[in-house]
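Peer 1: Take a look at this one; I'll ask things after.
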Amino acid sequence: MREYIEKSQDLDPKESGKVLYVVGIGPGEYGQLTMKAAAALSGSQIIVGYTVYTDLAREHFPDKEYLSTPMTKEVDRCCLAFEKAGEGRRVSLVCGGDPGIYGMAGLVLELAPRYPQVSVEIIPGVTAASAGAAVLGAPICHDFAVISLSDRLTSRELIEKRLSCAAMSDMVICLYNPSSRSRKDYLSWACEVVGRYRKPETVCGLVRNIARQGQEARITSLKELALIQADMFTTVYIGNSQTGADHGRMITPRGYRYV
């Protein structure tokens, strides 16, 4: 990995052109950062991002210049990254998990025509769905849907429709942003919606602070899940009709015959 990172630092930004790297840093643990992501961050002069994610990156890349914006300032954040890249600086815009999954990749590409002198390279990362699944066992080993319960950019009515369709299809459901200070009852509400199509004993799981200090994991039932208070740092898994729990592991069988 060190050789890969050192090789990336040999690139001259003047020779390679003006590039904005949109980097997924995974759940925050350095060991779950891809080599390509680490190389991009190591080779960057400036790292831009939401405060939580720049703080995670700063721990491993302390010699960089960091620029951050708070929540709801995503457009400003992306424009700032483009402007710095347009000056010829090597810039990485960091996102938790994967930048193309509830991250900045889409917004960056929407804004890209305003900055024709800057090319964009999107570098994927480990998203919470897969990172949390590994903690629980194998809950998403078959078809699954990822749904965010945040209604900041999506209406509650549309979220309910998506929950209903996913539950009706018997897919495993992975929930991002299950609750917040202003949405304390949303996980309970989601369980009620899914419960129209799933049994109360459906196996579920949740992981909080994935790959960070204070990581917690729990396997439970749909009925019990509705009573649990989660937060924005929790990822929730609602199993399908075949999902089970064995020796503390949540397992959704793929259907292989082994007997």
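Labels for the structure tokens follow display order: chains A, B, ..., residues from 1 in each chain, ligands from 1.
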List the spatial neighbours of Thr243 (chain A) as a PyMOL selection string - criterion: any atom at most 10 Å away, only C-alpha atoms, same-chain residues fewer than 6 positions off excluded.
Peer 2: chain A and resi 138-142+172+202-204+250-254
Peer 1: What's around Val22 (chain A) at 12 Å? Count only C-alpha atoms, leave out sequence neighbours fewer than 4 positions away in its own chain, and write the answer as a PyMOL selection string.
Peer 2: chain A and resi 36-37+40-41+44+47-49+77-78+81-82+85+90-100+103-109+119-125
Peer 1: Where does DSSP see strand (DSSP E or B) in region 15-242 of chain A, if you list the residues as a PyMOL selection string?
Peer 2: chain A and resi 19-24+26+46-50+65-69+91-95+97+119-123+137-138+144-148+172-176+203-208+216-221+234-238
Peer 1: Choose the residue, out of A:Arg152, A:Arg198, A:Lys184, A:Arg208, that has the smallest atom-to-atom separation from Thr72 (chain A); count only C-alpha atoms.
Peer 2: A:Arg152
Peer 1: I'd like to know which of A:Ala211, A:Cys191, A:Met71, A:Leu227 is closest to Val126 (chain A), using only C-alpha atoms.
Peer 2: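 Looking only at the distances to Val126 (chain A), the closest residue turns out to be A:Ala211.
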Peer 1: Taking the DSSP secondary structure from the backbone, can you list the residues of region 14-230 of chain A that are helix (DSSP H, G or I), as a CSV table (one decimal) with N, CA, C and O atoms, in the first residue's frame?
Peer 2:
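Listing of out.csv after writing:
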chain,number,residue,atom,x,y,z
A,14,LYS,N,0.4,19.9,-12.5
A,14,LYS,CA,0.5,20.7,-13.7
A,14,LYS,C,0.5,19.9,-14.9
A,14,LYS,O,-0.1,20.2,-16.0
A,15,GLU,N,1.1,18.7,-14.8
A,15,GLU,CA,1.2,17.8,-15.9
A,15,GLU,C,-0.1,17.0,-16.1
A,15,GLU,O,-0.6,16.7,-17.2
A,16,SER,N,-0.7,16.6,-14.9
A,16,SER,CA,-1.9,15.8,-15.0
A,16,SER,C,-3.2,16.6,-15.2
A,16,SER,O,-4.3,16.1,-15.4
A,30,TYR,N,-9.0,3.7,9.3
A,30,TYR,CA,-8.0,3.7,8.3
A,30,TYR,C,-7.9,2.4,7.5
A,30,TYR,O,-7.7,2.3,6.3
A,31,GLY,N,-8.1,1.3,8.2
A,31,GLY,CA,-7.9,-0.1,7.6
A,31,GLY,C,-9.0,-0.3,6.6
A,31,GLY,O,-8.8,-1.2,5.8
A,32,GLN,N,-10.1,0.4,6.6
A,32,GLN,CA,-11.2,0.2,5.6
A,32,GLN,C,-11.1,1.3,4.5
A,32,GLN,O,-12.0,1.4,3.7
A,35,MET,N,-6.9,1.5,-1.1
A,35,MET,CA,-5.5,2.0,-1.4
A,35,MET,C,-5.7,3.2,-2.3
A,35,MET,O,-4.9,4.2,-2.2
A,36,LYS,N,-6.6,3.2,-3.3
A,36,LYS,CA,-6.8,4.4,-4.2
A,36,LYS,C,-7.2,5.6,-3.4
A,36,LYS,O,-6.7,6.7,-3.7
A,37,ALA,N,-8.1,5.4,-2.5
A,37,ALA,CA,-8.5,6.6,-1.7
A,37,ALA,C,-7.4,7.1,-0.8
A,37,ALA,O,-7.2,8.4,-0.8
A,38,ALA,N,-6.6,6.2,-0.2
A,38,ALA,CA,-5.5,6.7,0.6
A,38,ALA,C,-4.4,7.4,-0.3
A,38,ALA,O,-3.8,8.4,0.1
A,39,ALA,N,-4.2,6.9,-1.5
A,39,ALA,CA,-3.3,7.5,-2.4
A,39,ALA,C,-3.7,8.9,-2.8
A,39,ALA,O,-2.9,9.9,-2.9
A,40,ALA,N,-5.0,9.1,-3.1
A,40,ALA,CA,-5.6,10.4,-3.5
A,40,ALA,C,-5.4,11.4,-2.3
A,40,ALA,O,-5.0,12.5,-2.5
A,41,LEU,N,-5.7,11.0,-1.1
A,41,LEU,CA,-5.6,11.9,0.0
A,41,LEU,C,-4.2,12.2,0.3
A,41,LEU,O,-3.8,13.3,0.7
A,42,SER,N,-3.3,11.2,0.2
A,42,SER,CA,-1.9,11.4,0.5
A,42,SER,C,-1.3,12.4,-0.5
A,42,SER,O,-0.4,13.2,-0.2
A,43,GLY,N,-1.8,12.3,-1.8
A,43,GLY,CA,-1.2,13.2,-2.8
A,43,GLY,C,-1.9,14.5,-2.9
A,43,GLY,O,-1.5,15.4,-3.7
A,51,THR,N,-17.4,18.6,8.3
A,51,THR,CA,-16.5,18.7,9.5
A,51,THR,C,-16.2,17.3,10.0
A,51,THR,O,-15.1,17.0,10.3
A,52,VAL,N,-17.3,16.4,10.2
A,52,VAL,CA,-17.1,15.1,10.7
A,52,VAL,C,-16.1,14.3,9.9
A,52,VAL,O,-15.2,13.6,10.5
A,53,TYR,N,-16.1,14.4,8.6
A,53,TYR,CA,-15.3,13.6,7.7
A,53,TYR,C,-13.9,14.2,7.6
A,53,TYR,O,-12.9,13.4,7.5
A,54,THR,N,-13.8,15.5,7.6
A,54,THR,CA,-12.4,16.1,7.6
A,54,THR,C,-11.7,15.8,8.9
A,54,THR,O,-10.5,15.5,8.9
A,55,ASP,N,-12.4,15.7,10.0
A,55,ASP,CA,-11.7,15.3,11.3
A,55,ASP,C,-11.2,13.9,11.2
A,55,ASP,O,-10.1,13.6,11.7
A,56,LEU,N,-12.0,13.0,10.6
A,56,LEU,CA,-11.5,11.6,10.4
A,56,LEU,C,-10.3,11.5,9.6
A,56,LEU,O,-9.4,10.8,9.8
A,57,ALA,N,-10.3,12.3,8.5
A,57,ALA,CA,-9.1,12.3,7.6
A,57,ALA,C,-7.9,12.9,8.2
A,57,ALA,O,-6.8,12.4,8.0
A,58,ARG,N,-8.1,14.0,9.0
A,58,ARG,CA,-7.0,14.7,9.6
A,58,ARG,C,-6.2,13.8,10.5
A,58,ARG,O,-5.0,14.0,10.6
A,59,GLU,N,-6.8,12.8,11.1
A,59,GLU,CA,-6.1,11.9,12.0
A,59,GLU,C,-5.0,11.1,11.3
A,59,GLU,O,-4.0,10.8,11.9
A,60,HIS,N,-5.2,10.8,10.0
A,60,HIS,CA,-4.3,10.0,9.3
A,60,HIS,C,-3.5,10.8,8.3
A,60,HIS,O,-2.4,10.4,7.8
A,74,GLU,N,-23.8,21.9,1.5
A,74,GLU,CA,-23.2,21.0,0.5
A,74,GLU,C,-22.8,21.7,-0.8
A,74,GLU,O,-21.7,21.4,-1.3
A,75,VAL,N,-23.6,22.6,-1.3
A,75,VAL,CA,-23.3,23.3,-2.6
A,75,VAL,C,-22.1,24.1,-2.4
A,75,VAL,O,-21.2,24.1,-3.2
A,76,ASP,N,-22.0,24.9,-1.3
A,76,ASP,CA,-20.9,25.7,-1.0
A,76,ASP,C,-19.6,24.9,-0.9
A,76,ASP,O,-18.5,25.3,-1.4
A,77,ARG,N,-19.7,23.7,-0.3
A,77,ARG,CA,-18.6,22.8,-0.1
A,77,ARG,C,-18.0,22.4,-1.4
A,77,ARG,O,-16.8,22.4,-1.7
A,78,CYS,N,-18.9,22.0,-2.3
A,78,CYS,CA,-18.5,21.5,-3.6
A,78,CYS,C,-17.9,22.6,-4.5
A,78,CYS,O,-16.9,22.4,-5.1
A,79,CYS,N,-18.5,23.8,-4.4
A,79,CYS,CA,-18.0,24.9,-5.2
A,79,CYS,C,-16.6,25.3,-4.6
A,79,CYS,O,-15.7,25.7,-5.4
A,80,LEU,N,-16.4,25.3,-3.3
A,80,LEU,CA,-15.1,25.6,-2.8
A,80,LEU,C,-14.1,24.6,-3.3
A,80,LEU,O,-12.9,25.0,-3.6
A,81,ALA,N,-14.4,23.3,-3.3
A,81,ALA,CA,-13.4,22.3,-3.8
A,81,ALA,C,-13.1,22.6,-5.3
A,81,ALA,O,-11.9,22.5,-5.7
A,82,PHE,N,-14.1,22.9,-6.1
A,82,PHE,CA,-13.9,23.2,-7.5
A,82,PHE,C,-13.0,24.4,-7.6
A,82,PHE,O,-12.0,24.4,-8.5
A,83,GLU,N,-13.2,25.4,-6.9
A,83,GLU,CA,-12.4,26.7,-7.0
A,83,GLU,C,-11.0,26.4,-6.6
A,83,GLU,O,-10.0,26.9,-7.3
A,84,LYS,N,-10.7,25.7,-5.6
A,84,LYS,CA,-9.3,25.4,-5.2
A,84,LYS,C,-8.6,24.5,-6.3
A,84,LYS,O,-7.5,24.7,-6.6
A,85,ALA,N,-9.4,23.5,-6.8
A,85,ALA,CA,-8.8,22.7,-7.9
A,85,ALA,C,-8.5,23.5,-9.1
A,85,ALA,O,-7.5,23.3,-9.8
A,86,GLY,N,-9.4,24.5,-9.4
A,86,GLY,CA,-9.2,25.4,-10.5
A,86,GLY,C,-8.0,26.3,-10.4
A,86,GLY,O,-7.4,26.7,-11.4
A,105,ALA,N,-21.0,12.8,-4.9
A,105,ALA,CA,-20.6,12.6,-6.3
A,105,ALA,C,-21.7,13.2,-7.2
A,105,ALA,O,-21.3,13.8,-8.2
A,106,GLY,N,-22.9,12.9,-6.9
A,106,GLY,CA,-24.0,13.4,-7.8
A,106,GLY,C,-24.0,15.0,-7.9
A,106,GLY,O,-24.1,15.5,-9.0
A,107,LEU,N,-23.9,15.6,-6.8
A,107,LEU,CA,-23.9,17.1,-6.7
A,107,LEU,C,-22.7,17.6,-7.5
A,107,LEU,O,-22.7,18.6,-8.2
A,108,VAL,N,-21.5,17.0,-7.2
A,108,VAL,CA,-20.3,17.5,-7.9
A,108,VAL,C,-20.4,17.4,-9.4
A,108,VAL,O,-20.1,18.4,-10.2
A,109,LEU,N,-21.0,16.3,-9.9
A,109,LEU,CA,-21.2,16.2,-11.4
A,109,LEU,C,-22.2,17.1,-11.9
A,109,LEU,O,-22.1,17.6,-13.1
A,110,GLU,N,-23.2,17.5,-11.1
A,110,GLU,CA,-24.2,18.5,-11.5
A,110,GLU,C,-23.6,19.9,-11.6
A,110,GLU,O,-24.0,20.7,-12.5
A,111,LEU,N,-22.6,20.1,-10.7
A,111,LEU,CA,-22.0,21.5,-10.7
A,111,LEU,C,-20.8,21.5,-11.7
A,111,LEU,O,-20.4,22.6,-12.1
A,112,ALA,N,-20.3,20.4,-12.2
A,112,ALA,CA,-19.1,20.3,-13.0
A,112,ALA,C,-19.2,21.2,-14.2
A,112,ALA,O,-18.1,21.8,-14.6
A,113,PRO,N,-20.3,21.4,-14.9
A,113,PRO,CA,-20.3,22.3,-16.1
A,113,PRO,C,-19.9,23.7,-15.8
A,113,PRO,O,-19.5,24.5,-16.7
A,114,ARG,N,-20.1,24.1,-14.6
A,114,ARG,CA,-19.7,25.5,-14.2
A,114,ARG,C,-18.2,25.7,-14.1
A,114,ARG,O,-17.7,26.8,-14.1
A,128,ALA,N,-21.7,2.2,4.4
A,128,ALA,CA,-22.2,1.7,5.7
A,128,ALA,C,-22.9,0.3,5.6
A,128,ALA,O,-22.8,-0.5,6.5
A,129,ALA,N,-23.7,0.2,4.5
A,129,ALA,CA,-24.4,-1.0,4.3
A,129,ALA,C,-23.5,-2.3,4.4
A,129,ALA,O,-23.9,-3.3,5.0
A,130,SER,N,-22.4,-2.2,3.7
A,130,SER,CA,-21.5,-3.4,3.6
A,130,SER,C,-20.6,-3.5,4.9
A,130,SER,O,-20.4,-4.6,5.4
A,131,ALA,N,-20.2,-2.3,5.4
A,131,ALA,CA,-19.4,-2.3,6.6
A,131,ALA,C,-20.1,-2.8,7.8
A,131,ALA,O,-19.6,-3.6,8.6
A,132,GLY,N,-21.4,-2.4,7.9
A,132,GLY,CA,-22.2,-2.8,9.1
A,132,GLY,C,-22.6,-4.3,8.9
A,132,GLY,O,-22.7,-5.0,9.9
A,133,ALA,N,-22.9,-4.7,7.7
A,133,ALA,CA,-23.3,-6.1,7.4
A,133,ALA,C,-22.2,-7.0,7.9
A,133,ALA,O,-22.4,-8.1,8.5
A,134,ALA,N,-20.9,-6.6,7.7
A,134,ALA,CA,-19.8,-7.5,8.1
A,134,ALA,C,-19.7,-7.7,9.6
A,134,ALA,O,-19.3,-8.7,10.1
A,135,VAL,N,-20.1,-6.6,10.3
A,135,VAL,CA,-20.1,-6.7,11.8
A,135,VAL,C,-21.2,-7.7,12.2
A,135,VAL,O,-21.0,-8.5,13.2
A,136,LEU,N,-22.4,-7.6,11.6
A,136,LEU,CA,-23.5,-8.5,12.0
A,136,LEU,C,-23.4,-9.9,11.5
A,136,LEU,O,-23.9,-10.9,12.1
A,156,ARG,N,-41.6,12.5,3.3
A,156,ARG,CA,-42.0,11.4,4.1
A,156,ARG,C,-42.9,10.4,3.3
A,156,ARG,O,-42.8,9.2,3.4
A,157,GLU,N,-43.7,11.0,2.4
A,157,GLU,CA,-44.6,10.2,1.6
A,157,GLU,C,-43.9,9.3,0.7
A,157,GLU,O,-44.2,8.1,0.5
A,158,LEU,N,-42.8,9.8,0.1
A,158,LEU,CA,-42.0,9.0,-0.9
A,158,LEU,C,-41.2,8.0,-0.1
A,158,LEU,O,-41.1,6.8,-0.6
A,159,ILE,N,-40.7,8.3,1.0
A,159,ILE,CA,-40.0,7.3,1.8
A,159,ILE,C,-40.9,6.2,2.2
A,159,ILE,O,-40.5,5.0,2.1
A,160,GLU,N,-42.2,6.5,2.6
A,160,GLU,CA,-43.1,5.4,2.9
A,160,GLU,C,-43.4,4.5,1.8
A,160,GLU,O,-43.5,3.3,1.9
A,161,LYS,N,-43.5,5.1,0.6
A,161,LYS,CA,-43.8,4.3,-0.6
A,161,LYS,C,-42.6,3.4,-0.9
A,161,LYS,O,-42.8,2.2,-1.2
A,162,ARG,N,-41.4,3.9,-0.8
A,162,ARG,CA,-40.2,3.0,-1.0
A,162,ARG,C,-40.1,1.9,0.0
A,162,ARG,O,-39.8,0.8,-0.3
A,163,LEU,N,-40.4,2.2,1.3
A,163,LEU,CA,-40.4,1.2,2.3
A,163,LEU,C,-41.4,0.1,2.0
A,163,LEU,O,-41.1,-1.1,2.1
A,164,SER,N,-42.6,0.6,1.6
A,164,SER,CA,-43.7,-0.4,1.4
A,164,SER,C,-43.3,-1.3,0.2
A,164,SER,O,-43.5,-2.5,0.3
A,165,CYS,N,-42.8,-0.7,-0.9
A,165,CYS,CA,-42.4,-1.5,-2.1
A,165,CYS,C,-41.3,-2.5,-1.7
A,165,CYS,O,-41.4,-3.7,-2.2
A,166,ALA,N,-40.3,-2.0,-1.0
A,166,ALA,CA,-39.2,-2.9,-0.6
A,166,ALA,C,-39.7,-4.1,0.3
A,166,ALA,O,-39.3,-5.2,0.1
A,167,ALA,N,-40.6,-3.7,1.2
A,167,ALA,CA,-41.1,-4.7,2.2
A,167,ALA,C,-42.0,-5.7,1.4
A,167,ALA,O,-41.9,-6.9,1.6
A,168,MET,N,-42.8,-5.2,0.5
A,168,MET,CA,-43.7,-6.1,-0.3
A,168,MET,C,-42.9,-7.1,-1.1
A,168,MET,O,-43.3,-8.2,-1.4
A,186,TYR,N,-39.0,8.1,13.8
A,186,TYR,CA,-39.0,7.6,12.4
A,186,TYR,C,-38.7,6.1,12.3
A,186,TYR,O,-39.2,5.5,11.4
A,187,LEU,N,-37.8,5.6,13.1
A,187,LEU,CA,-37.5,4.2,13.0
A,187,LEU,C,-38.7,3.4,13.4
A,187,LEU,O,-39.0,2.4,12.8
A,188,SER,N,-39.4,3.8,14.5
A,188,SER,CA,-40.6,3.1,14.9
A,188,SER,C,-41.6,3.2,13.8
A,188,SER,O,-42.3,2.2,13.5
A,189,TRP,N,-41.7,4.3,13.1
A,189,TRP,CA,-42.7,4.5,12.0
A,189,TRP,C,-42.3,3.6,10.9
A,189,TRP,O,-43.2,2.9,10.3
A,190,ALA,N,-41.0,3.5,10.5
A,190,ALA,CA,-40.6,2.6,9.4
A,190,ALA,C,-40.9,1.2,9.7
A,190,ALA,O,-41.3,0.4,8.8
A,191,CYS,N,-40.7,0.8,11.0
A,191,CYS,CA,-41.0,-0.6,11.4
A,191,CYS,C,-42.5,-0.9,11.2
A,191,CYS,O,-42.9,-2.0,10.8
A,192,GLU,N,-43.3,0.1,11.5
A,192,GLU,CA,-44.8,-0.1,11.4
A,192,GLU,C,-45.1,-0.3,9.9
A,192,GLU,O,-45.9,-1.1,9.5
A,193,VAL,N,-44.5,0.5,9.0
A,193,VAL,CA,-44.7,0.4,7.6
A,193,VAL,C,-44.3,-1.0,7.1
A,193,VAL,O,-45.1,-1.7,6.4
A,194,VAL,N,-43.1,-1.4,7.4
A,194,VAL,CA,-42.6,-2.7,7.0
A,194,VAL,C,-43.4,-3.8,7.6
A,194,VAL,O,-43.6,-4.9,7.0
A,222,LEU,N,-38.2,-7.5,14.5
A,222,LEU,CA,-38.8,-6.3,14.0
A,222,LEU,C,-39.7,-5.7,15.1
A,222,LEU,O,-39.7,-4.4,15.2
A,223,LYS,N,-40.4,-6.5,15.9
A,223,LYS,CA,-41.2,-6.0,17.0
A,223,LYS,C,-40.4,-5.2,18.0
A,223,LYS,O,-40.7,-4.1,18.4
A,224,GLU,N,-39.2,-5.7,18.3
A,224,GLU,CA,-38.3,-5.1,19.3
A,224,GLU,C,-37.6,-3.9,18.7
A,224,GLU,O,-37.4,-2.9,19.4
A,225,LEU,N,-37.3,-3.9,17.4
A,225,LEU,CA,-36.6,-2.8,16.7
A,225,LEU,C,-37.4,-1.6,16.8
A,225,LEU,O,-36.9,-0.5,17.0
Peer 1: So what do you get for CA of Cys174 (chain A) versus CA of Gly214 (chain A), distance-wise?
Peer 2: 20.9 Å
Peer 1: If we count only C-alpha atoms and set the cut-off at 8 Å, which residues sit around Ile173 (chain A), ignoring sequence neighbours fewer than 2 positions away in its own chain? Please answer as a PyMOL selection string.
Peer 2: chain A and resi 144-147+166-167+171+175+237-240
